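For reference, upload_24.cif (mmCIF, C-alpha atoms):
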```
data_structure
loop_
_atom_site.label_atom_id
_atom_site.label_comp_id
_atom_site.auth_asym_id
_atom_site.auth_seq_id
_atom_site.Cartn_x
_atom_site.Cartn_y
_atom_site.Cartn_z
CA MET P 1 48.02 -7.13 1.62
CA HIS P 2 44.31 -8.01 1.93
CA GLN P 3 43.26 -8.74 5.50
CA PRO P 4 41.14 -11.89 5.99
CA ARG P 5 37.56 -11.22 6.98
CA SER P 6 36.88 -11.54 10.72
CA THR P 7 34.60 -14.36 11.77
CA LEU P 8 32.16 -14.69 14.62
CA GLN P 9 34.68 -16.96 16.33
CA ASP P 10 37.22 -14.11 16.16
CA VAL P 11 34.69 -11.84 17.87
CA ALA P 12 34.04 -14.41 20.58
CA ASP P 13 37.79 -14.89 21.19
CA ARG P 14 38.43 -11.14 21.38
CA ALA P 15 35.50 -10.67 23.79
CA GLY P 16 36.45 -13.67 25.90
CA VAL P 17 33.04 -15.32 25.54
CA SER P 18 31.72 -18.49 23.98
CA LEU P 19 30.67 -18.62 20.33
CA SER P 20 27.04 -19.15 21.34
CA THR P 21 27.12 -16.08 23.59
CA ALA P 22 28.50 -13.90 20.79
CA SER P 23 25.84 -15.26 18.44
CA ARG P 24 23.03 -14.49 20.88
CA VAL P 25 24.24 -10.92 21.34
CA LEU P 26 24.40 -10.21 17.61
CA SER P 27 21.17 -11.93 16.67
CA ASN P 28 19.13 -9.64 18.95
CA GLY P 29 17.07 -12.60 20.08
CA SER P 30 14.93 -12.85 23.19
CA ARG P 31 17.61 -14.71 25.21
CA GLN P 32 20.21 -11.99 25.69
CA PRO P 33 23.35 -12.50 27.81
CA ALA P 34 24.23 -10.22 30.71
CA PRO P 35 24.84 -6.57 29.75
CA HIS P 36 28.56 -6.67 30.58
CA LEU P 37 29.04 -9.63 28.22
CA ALA P 38 27.04 -7.89 25.49
CA ASP P 39 29.22 -4.78 25.87
CA ARG P 40 32.37 -6.89 25.42
CA VAL P 41 30.96 -8.48 22.28
CA HIS P 42 29.94 -5.14 20.74
CA ARG P 43 33.38 -3.69 21.55
CA ALA P 44 35.07 -6.66 19.85
CA VAL P 45 32.84 -6.20 16.80
CA ALA P 46 33.94 -2.56 16.53
CA GLU P 47 37.62 -3.36 17.01
CA LEU P 48 37.62 -6.14 14.41
CA GLY P 49 35.30 -4.44 11.92
CA TYR P 50 33.17 -7.58 11.92
CA THR P 51 30.08 -7.80 9.70
CA ALA P 52 27.70 -10.73 9.72
CA ASN P 53 27.55 -13.10 6.76
CA LEU P 54 23.83 -12.81 6.07
CA GLN P 55 23.84 -15.53 3.42
CA ALA P 56 25.37 -18.00 5.84
CA ARG P 57 22.90 -17.00 8.52
CA ALA P 58 19.99 -17.54 6.14
CA VAL P 59 21.25 -21.02 5.29
CA ALA P 60 21.75 -21.86 8.96
CA THR P 61 18.43 -20.53 10.23
CA GLY P 62 16.25 -21.05 7.15
CA GLN P 63 15.42 -17.33 7.04
CA SER P 64 17.19 -14.11 6.13
CA THR P 65 16.70 -10.64 7.57
CA MET P 66 14.92 -9.64 4.37
CA VAL P 67 11.28 -8.62 4.02
CA GLY P 68 9.93 -8.52 0.49
CA ALA P 69 7.38 -5.88 -0.46
CA VAL P 70 5.71 -5.46 -3.83
CA VAL P 71 3.66 -2.44 -4.95
CA HIS P 72 1.96 -1.68 -8.25
CA ASP P 73 3.51 1.75 -8.79
CA ILE P 74 6.13 3.15 -6.43
CA ALA P 75 5.73 6.60 -8.06
CA ASP P 76 2.11 6.73 -6.87
CA PRO P 77 1.94 8.45 -3.44
CA TYR P 78 -0.70 5.90 -2.35
CA PHE P 79 1.88 3.12 -2.54
CA SER P 80 4.91 5.12 -1.44
CA LEU P 81 3.17 6.25 1.77
CA ILE P 82 2.14 2.69 2.64
CA ALA P 83 5.70 1.56 1.88
CA ALA P 84 7.11 4.27 4.15
CA GLY P 85 5.09 2.91 7.05
CA LEU P 86 6.18 -0.69 6.61
CA ILE P 87 9.85 0.27 6.10
CA GLU P 88 9.77 2.19 9.39
CA VAL P 89 8.51 -0.86 11.28
CA ALA P 90 10.89 -3.26 9.53
CA ASP P 91 13.84 -0.98 10.28
CA ALA P 92 12.93 -0.97 13.97
CA HIS P 93 13.19 -4.78 13.85
CA GLY P 94 16.61 -4.62 12.17
CA LEU P 95 15.22 -6.00 8.91
CA LEU P 96 15.97 -5.05 5.32
CA VAL P 97 13.05 -4.32 2.96
CA CYS P 98 13.50 -5.49 -0.62
CA MET P 99 10.91 -3.61 -2.66
CA SER P 100 9.68 -4.21 -6.18
CA SER P 101 7.22 -2.30 -8.33
CA THR P 102 5.22 -4.58 -10.62
CA PRO P 103 2.17 -4.16 -12.85
CA ALA P 104 -1.20 -4.68 -11.17
CA ALA P 105 -1.26 -8.35 -12.16
CA GLU P 106 -1.13 -11.47 -10.02
CA ALA P 107 1.35 -13.18 -12.40
CA ALA P 108 4.01 -10.52 -11.71
CA GLU P 109 3.39 -10.77 -7.96
CA GLN P 110 3.62 -14.57 -8.15
CA ALA P 111 7.09 -14.31 -9.72
CA TYR P 112 8.18 -11.93 -6.97
CA VAL P 113 6.94 -14.21 -4.17
CA ALA P 114 8.81 -17.11 -5.80
CA LEU P 115 11.98 -14.99 -5.83
CA MET P 116 11.53 -14.13 -2.16
CA ARG P 117 11.08 -17.83 -1.34
CA ALA P 118 14.35 -18.59 -3.12
CA GLN P 119 16.02 -15.81 -1.11
CA ARG P 120 14.60 -17.24 2.15
CA ALA P 121 12.93 -13.92 2.92
CA ARG P 122 11.31 -13.73 6.34
CA ALA P 123 8.09 -12.21 5.01
CA VAL P 124 6.38 -10.82 1.92
CA ILE P 125 3.92 -7.93 1.87
CA LEU P 126 1.69 -7.50 -1.19
CA ILE P 127 0.39 -3.95 -1.50
CA GLY P 128 -2.31 -3.30 -4.05
CA SER P 129 -5.59 -4.34 -5.56
CA ARG P 130 -6.54 -7.81 -6.73
CA THR P 131 -7.79 -8.22 -10.30
CA ASP P 132 -10.72 -10.14 -11.74
CA ASP P 133 -8.37 -12.82 -13.15
CA ALA P 134 -9.38 -15.70 -10.86
CA GLN P 135 -6.96 -18.19 -12.44
CA ALA P 136 -3.94 -15.94 -11.92
CA ARG P 137 -5.14 -15.22 -8.37
CA ASP P 138 -5.29 -18.95 -7.59
CA ALA P 139 -1.74 -19.39 -8.90
CA LEU P 140 -0.58 -16.53 -6.66
CA ARG P 141 -2.32 -18.12 -3.66
CA ALA P 142 -0.51 -21.39 -4.37
CA GLU P 143 2.85 -19.61 -4.49
CA ILE P 144 2.07 -17.81 -1.22
CA GLU P 145 1.15 -21.16 0.38
CA ALA P 146 4.52 -22.55 -0.72
CA PHE P 147 6.24 -19.52 0.79
CA THR P 148 4.42 -19.75 4.12
CA GLY P 149 4.84 -23.52 4.12
CA SER P 150 8.61 -23.00 4.11
CA GLY P 151 8.35 -20.82 7.24
CA GLY P 152 7.76 -17.36 5.75
CA ARG P 153 4.97 -14.95 6.60
CA ALA P 154 2.70 -13.11 4.19
CA VAL P 155 0.28 -10.21 4.41
CA CYS P 156 -1.80 -8.31 1.87
CA VAL P 157 -2.95 -4.69 1.75
CA GLY P 158 -6.09 -4.79 -0.36
CA GLN P 159 -8.96 -7.22 -0.85
CA ASP P 160 -9.21 -10.27 1.40
CA LEU P 161 -8.77 -12.86 -1.37
CA LEU P 162 -5.37 -14.49 -0.81
CA GLY P 163 -5.98 -16.47 2.38
CA VAL P 164 -3.44 -14.46 4.41
CA ASP P 165 -3.56 -11.68 7.01
CA THR P 166 -5.01 -8.64 5.25
CA VAL P 167 -5.21 -4.91 5.86
CA ARG P 168 -8.42 -4.12 3.97
CA PRO P 169 -9.31 -0.51 3.07
CA GLU P 170 -13.07 -0.05 3.04
CA ASN P 171 -13.20 1.25 -0.52
CA ALA P 172 -16.88 0.74 -1.30
CA ALA P 173 -18.11 2.17 2.01
CA GLY P 174 -15.86 5.22 1.68
CA ALA P 175 -17.04 5.95 -1.86
CA GLN P 176 -20.66 5.46 -0.81
CA ALA P 177 -20.27 7.99 2.00
CA LEU P 178 -18.65 10.43 -0.44
CA ALA P 179 -21.55 10.11 -2.90
CA ARG P 180 -24.08 10.81 -0.16
CA ALA P 181 -22.10 13.88 0.87
CA MET P 182 -21.96 15.17 -2.72
CA VAL P 183 -25.72 14.85 -3.18
CA ALA P 184 -26.28 16.56 0.17
CA LEU P 185 -24.23 19.49 -1.18
CA GLY P 186 -26.67 19.86 -4.06
CA HIS P 187 -24.89 18.03 -6.89
CA ARG P 188 -27.15 15.97 -9.15
CA ARG P 189 -25.32 15.19 -12.41
CA PHE P 190 -22.25 13.03 -11.86
CA ALA P 191 -19.38 11.52 -13.81
CA VAL P 192 -16.83 9.00 -12.57
CA LEU P 193 -13.22 8.56 -13.66
CA ALA P 194 -13.34 4.89 -12.83
CA GLY P 195 -9.81 3.50 -13.21
CA PRO P 196 -8.88 0.21 -14.90
CA ARG P 197 -11.75 -2.17 -15.69
CA GLY P 198 -10.24 -5.34 -14.22
CA LEU P 199 -8.99 -3.85 -10.95
CA LEU P 200 -11.15 -4.65 -7.94
CA THR P 201 -10.27 -1.47 -6.03
CA ALA P 202 -11.56 0.61 -8.95
CA ARG P 203 -14.68 -1.56 -9.17
CA ASP P 204 -15.34 -1.33 -5.41
CA ARG P 205 -15.07 2.46 -5.42
CA LEU P 206 -17.27 2.83 -8.49
CA GLU P 207 -19.96 0.52 -7.13
CA GLY P 208 -19.82 2.16 -3.70
CA PHE P 209 -20.27 5.59 -5.28
CA ARG P 210 -23.14 4.30 -7.41
CA ALA P 211 -24.84 2.85 -4.30
CA GLY P 212 -24.45 6.15 -2.46
CA LEU P 213 -26.17 8.00 -5.30
CA ALA P 214 -28.93 5.38 -5.46
CA ALA P 215 -29.67 5.96 -1.78
CA TRP P 216 -30.73 9.49 -2.85
CA SER P 217 -32.46 8.22 -6.03
CA VAL P 218 -29.81 9.95 -8.15
CA PRO P 219 -28.87 8.00 -11.32
CA LEU P 220 -25.37 7.59 -12.74
CA ASP P 221 -25.32 7.62 -16.55
CA GLU P 222 -23.09 4.77 -17.80
CA ALA P 223 -21.88 7.02 -20.61
CA ARG P 224 -20.31 9.21 -17.93
CA VAL P 225 -18.31 6.37 -16.34
CA ILE P 226 -14.90 6.56 -18.02
CA HIS P 227 -12.24 3.91 -17.39
CA GLY P 228 -8.51 4.57 -17.59
CA PRO P 229 -5.17 4.03 -15.83
CA PHE P 230 -4.65 4.81 -12.12
CA SER P 231 -2.38 7.73 -13.01
CA ARG P 232 -2.25 11.48 -13.56
CA ASP P 233 -2.34 10.97 -17.32
CA GLY P 234 -5.18 8.49 -16.94
CA GLY P 235 -7.20 11.12 -15.10
CA TYR P 236 -6.33 13.76 -17.72
CA GLU P 237 -7.51 11.58 -20.61
CA ALA P 238 -10.64 10.40 -18.81
CA MET P 239 -11.58 14.00 -18.05
CA SER P 240 -11.02 14.82 -21.73
CA ALA P 241 -13.58 12.14 -22.61
CA ILE P 242 -16.10 13.65 -20.19
CA LEU P 243 -15.68 17.11 -21.71
CA ALA P 244 -15.85 15.74 -25.26
CA ALA P 245 -19.29 14.27 -24.49
CA GLY P 246 -20.66 17.81 -24.55
CA GLU P 247 -23.57 19.35 -22.66
CA PRO P 248 -24.98 19.06 -20.16
CA ARG P 249 -21.71 18.87 -18.24
CA PRO P 250 -21.74 17.02 -14.91
CA ASP P 251 -22.09 19.02 -11.72
CA CYS P 252 -19.47 16.88 -10.02
CA VAL P 253 -16.74 14.47 -11.14
CA PHE P 254 -15.51 11.69 -8.85
CA ALA P 255 -12.04 10.33 -9.62
CA VAL P 256 -11.48 6.99 -7.88
CA THR P 257 -7.96 8.04 -6.88
CA ASP P 258 -6.49 11.41 -5.95
CA VAL P 259 -3.76 10.96 -8.58
CA MET P 260 -6.43 10.66 -11.29
CA ALA P 261 -8.16 13.70 -9.78
CA LEU P 262 -4.98 15.76 -10.16
CA GLY P 263 -4.86 14.86 -13.84
CA ALA P 264 -8.53 15.78 -14.18
CA LEU P 265 -7.89 19.14 -12.50
CA ALA P 266 -5.10 19.87 -14.98
CA ARG P 267 -7.42 19.04 -17.89
CA LEU P 268 -10.17 21.29 -16.58
CA ARG P 269 -7.74 24.18 -16.25
CA ALA P 270 -6.44 23.54 -19.77
CA GLY P 271 -10.04 23.83 -20.97
CA GLY P 272 -10.57 27.12 -19.19
CA LEU P 273 -12.93 25.61 -16.61
CA GLN P 274 -12.81 26.50 -12.94
CA VAL P 275 -13.18 24.12 -9.98
CA PRO P 276 -15.68 24.24 -8.36
CA ALA P 277 -17.39 27.15 -10.14
CA ASN P 278 -17.90 25.19 -13.37
CA ILE P 279 -17.40 21.59 -12.21
CA ALA P 280 -16.89 20.17 -8.73
CA LEU P 281 -14.17 17.53 -8.32
CA ALA P 282 -13.50 14.87 -5.67
CA GLY P 283 -10.90 12.13 -5.26
CA PHE P 284 -10.06 9.23 -2.95
CA ASP P 285 -7.04 8.45 -0.67
CA ASP P 286 -6.00 11.89 0.69
CA ILE P 287 -2.40 11.64 -0.50
CA ALA P 288 0.06 14.14 1.00
CA THR P 289 0.43 15.94 -2.35
CA LEU P 290 -3.04 17.43 -1.87
CA ARG P 291 -1.64 19.92 0.65
CA ASP P 292 -0.29 21.94 -2.28
CA VAL P 293 -3.32 21.67 -4.59
CA HIS P 294 -5.62 24.61 -5.30
CA PRO P 295 -8.47 24.49 -4.75
CA PRO P 296 -8.10 22.03 -1.86
CA LEU P 297 -9.51 18.68 -3.01
CA THR P 298 -12.44 16.90 -1.42
CA THR P 299 -11.49 13.25 -0.91
CA VAL P 300 -11.84 10.12 1.20
CA ARG P 301 -8.98 9.87 3.66
CA LEU P 302 -7.21 6.56 4.27
CA PRO P 303 -4.43 6.40 6.90
CA LEU P 304 -1.90 5.23 4.30
CA LYS P 305 1.30 5.26 6.37
CA ARG P 306 -0.52 3.61 9.25
CA MET P 307 -1.74 0.89 6.87
CA GLY P 308 1.88 0.08 6.04
CA GLU P 309 2.75 -0.04 9.72
CA MET P 310 -0.15 -2.41 10.39
CA ALA P 311 0.87 -4.70 7.52
CA ALA P 312 4.47 -4.92 8.74
CA SER P 313 3.37 -5.52 12.32
CA LEU P 314 1.16 -8.42 11.22
CA VAL P 315 4.01 -10.32 9.57
CA LEU P 316 6.63 -9.46 12.17
CA SER P 317 4.57 -10.05 15.31
CA GLU P 318 5.29 -13.78 15.40
CA ALA P 319 8.08 -16.05 14.24
CA GLY P 320 7.52 -19.15 12.17
CA PRO P 321 4.45 -20.41 10.33
CA VAL P 322 1.02 -18.99 11.13
CA GLN P 323 -1.18 -21.29 13.22
CA HIS P 324 -4.28 -19.08 13.41
CA ALA P 325 -6.90 -18.26 10.80
CA PRO P 326 -6.03 -15.28 8.60
CA ARG P 327 -6.76 -11.96 10.26
CA VAL P 328 -8.56 -9.17 8.40
CA ILE P 329 -8.22 -5.60 9.63
CA PRO P 330 -10.79 -3.29 8.00
CA VAL P 331 -9.64 0.30 7.54
CA PRO P 332 -12.52 2.77 7.13
CA GLY P 333 -12.22 5.86 5.00
CA GLU P 334 -13.18 9.35 6.19
CA VAL P 335 -14.88 11.85 3.88
CA ILE P 336 -12.93 15.12 3.90
CA LEU P 337 -14.92 18.00 2.42
CA ARG P 338 -12.81 20.80 0.92
CA ASP P 339 -13.26 23.71 -1.46
CA SER P 340 -13.30 21.66 -4.69
CA THR P 341 -16.92 20.61 -4.02
CA ILE P 342 -18.44 23.65 -2.27
CA PRO P 343 -22.27 23.68 -2.41
CA ARG P 344 -23.85 24.73 -5.66
CA PRO P 345 -26.05 27.83 -5.47
CA PRO P 346 -29.84 27.18 -5.48
CA GLY P 347 -31.24 26.69 -8.97
#
```
Could you render the structure from this file as structure tokens?
Amino acid sequence: MHQPRSTLQDVADRAGVSLSTASRVLSNGSRQPAPHLADRVHRAVAELGYTANLQARAVATGQSTMVGAVVHDIADPYFSLIAAGLIEVADAHGLLVCMSSTPAAEAAEQAYVALMRAQRARAVILIGSRTDDAQARDALRAEIEAFTGSGGRAVCVGQDLLGVDTVRPENAAGAQALARAMVALGHRRFAVLAGPRGLLTARDRLEGFRAGLAAWSVPLDEARVIHGPFSRDGGYEAMSAILAAGEPRPDCVFAVTDVMALGALARLRAGGLQVPANIALAGFDDIATLRDVHPPLTTVRLPLKRMGEMAASLVLSEAGPVQHAPRVIPVPGEVILRDSTIPRPPG
């Protein structure tokens, strides 16, 4: 015969405490009863096999123990490493992360935030670049305002354009520093695998790299700026376009993400070209996968897991609606020089 599910009142009765005391123990709030009472409650929970009704708790408190997180591509190590950091922090707070992978489009993110509002999620974390679609961005901002207006918290990892707390990687500055370093190594003819046209992260990294070259009076031929998806295959195809353009080949190719750089490296090998002997290659992000790449790839390092931890800490540091102005935490990149861009010989 099916046993009826134990209730919180059953736990309180078994522990010999009031219902409010049992509730305080199990909610892990700041006002905790004496340790001996908490021990009795936890023992009763174990004996009865009690599990909390999270739906009922969400209705009663206006919030669930859920944190929503949306990324553009969970298969991309850039996003999975950031997600790993935020999940670690959320888990330490006893919260469940509900993750979704959507296209890099504000409309898809807007639908996800609306879903999280319906689920009474405690917070939403948007991880990824904004696009140049201002109308869709405004609609997303409105949905976020509705979410925060109902008591939720929101944070973004990317550009500071949504009016919420933001962890902002310094994409342009990192790419500019990389360009300066490449010129200092002796490279003069450059190509860029520039990512999607409408994505602001791709645009920031391209423009930063262009500015770094300009500081050395080195031009960047527009015909050698090839746009394509933020993916291994996107890098492979973009590198194919560079090689198809014929001579003179670039001295150095900058892929605006490491994942694109890995695709470019595969294409160069397929064409019988060696890195860096024939063409130097650099990326951006310093994803963990690079540990197994030969030759080791020059890149711009971002502390990806730490960025996820920072994002989660921002939304979980306070309860209830935000009263302060949105905080922006800039995250600088660090140029990491490796064998894929060793100095060219004189002449």
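Residue membership of the PyMOL selection byres ((chain P and resi 307) around 10) in the shown file amounts to Leu81, Ile82, Ala83, Ala84, Gly85, Leu86, Ile127, Val157, Val167, Arg168, Pro169, Leu302, Pro303, Leu304, Lys305, Arg306, Gly308, Glu309, Met310, Ala311, Ala312, Ser313, Ile329 and Val331 of chain P.
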Kindly give the distance, in Å, that separates atom CA of Val256 of chain P and atom CA of Ala173 of chain P, rounded to a single decimal. 12.8 Å
Where does the PyMOL selection byres ((chain P and resi 8) around 8) land in this file, that is, which residues does it pick, as a list in words? Ser6, Thr7, Gln9, Asp10, Val11, Ala12, Leu19, Ala22, Ser23, Tyr50 and Ala52 of chain P
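Between atom CA of Val113 of chain P and atom CA of Asp204 of chain P lies a distance of 25.8 Å.
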Between P:Ala255, P:Ala266, P:Ala181, P:Val315, which one has atoms that come closest to Ala121 of chain P, using all atoms listed in the file? P:Val315
Could you work out how far atom CA of Ala191 of chain P lies from atom CA of Ala288 of chain P, giving the answer in Å with one decimal?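 According to the coordinates, atom CA of Ala288 of chain P and atom CA of Ala191 of chain P are separated by 24.6 Å.
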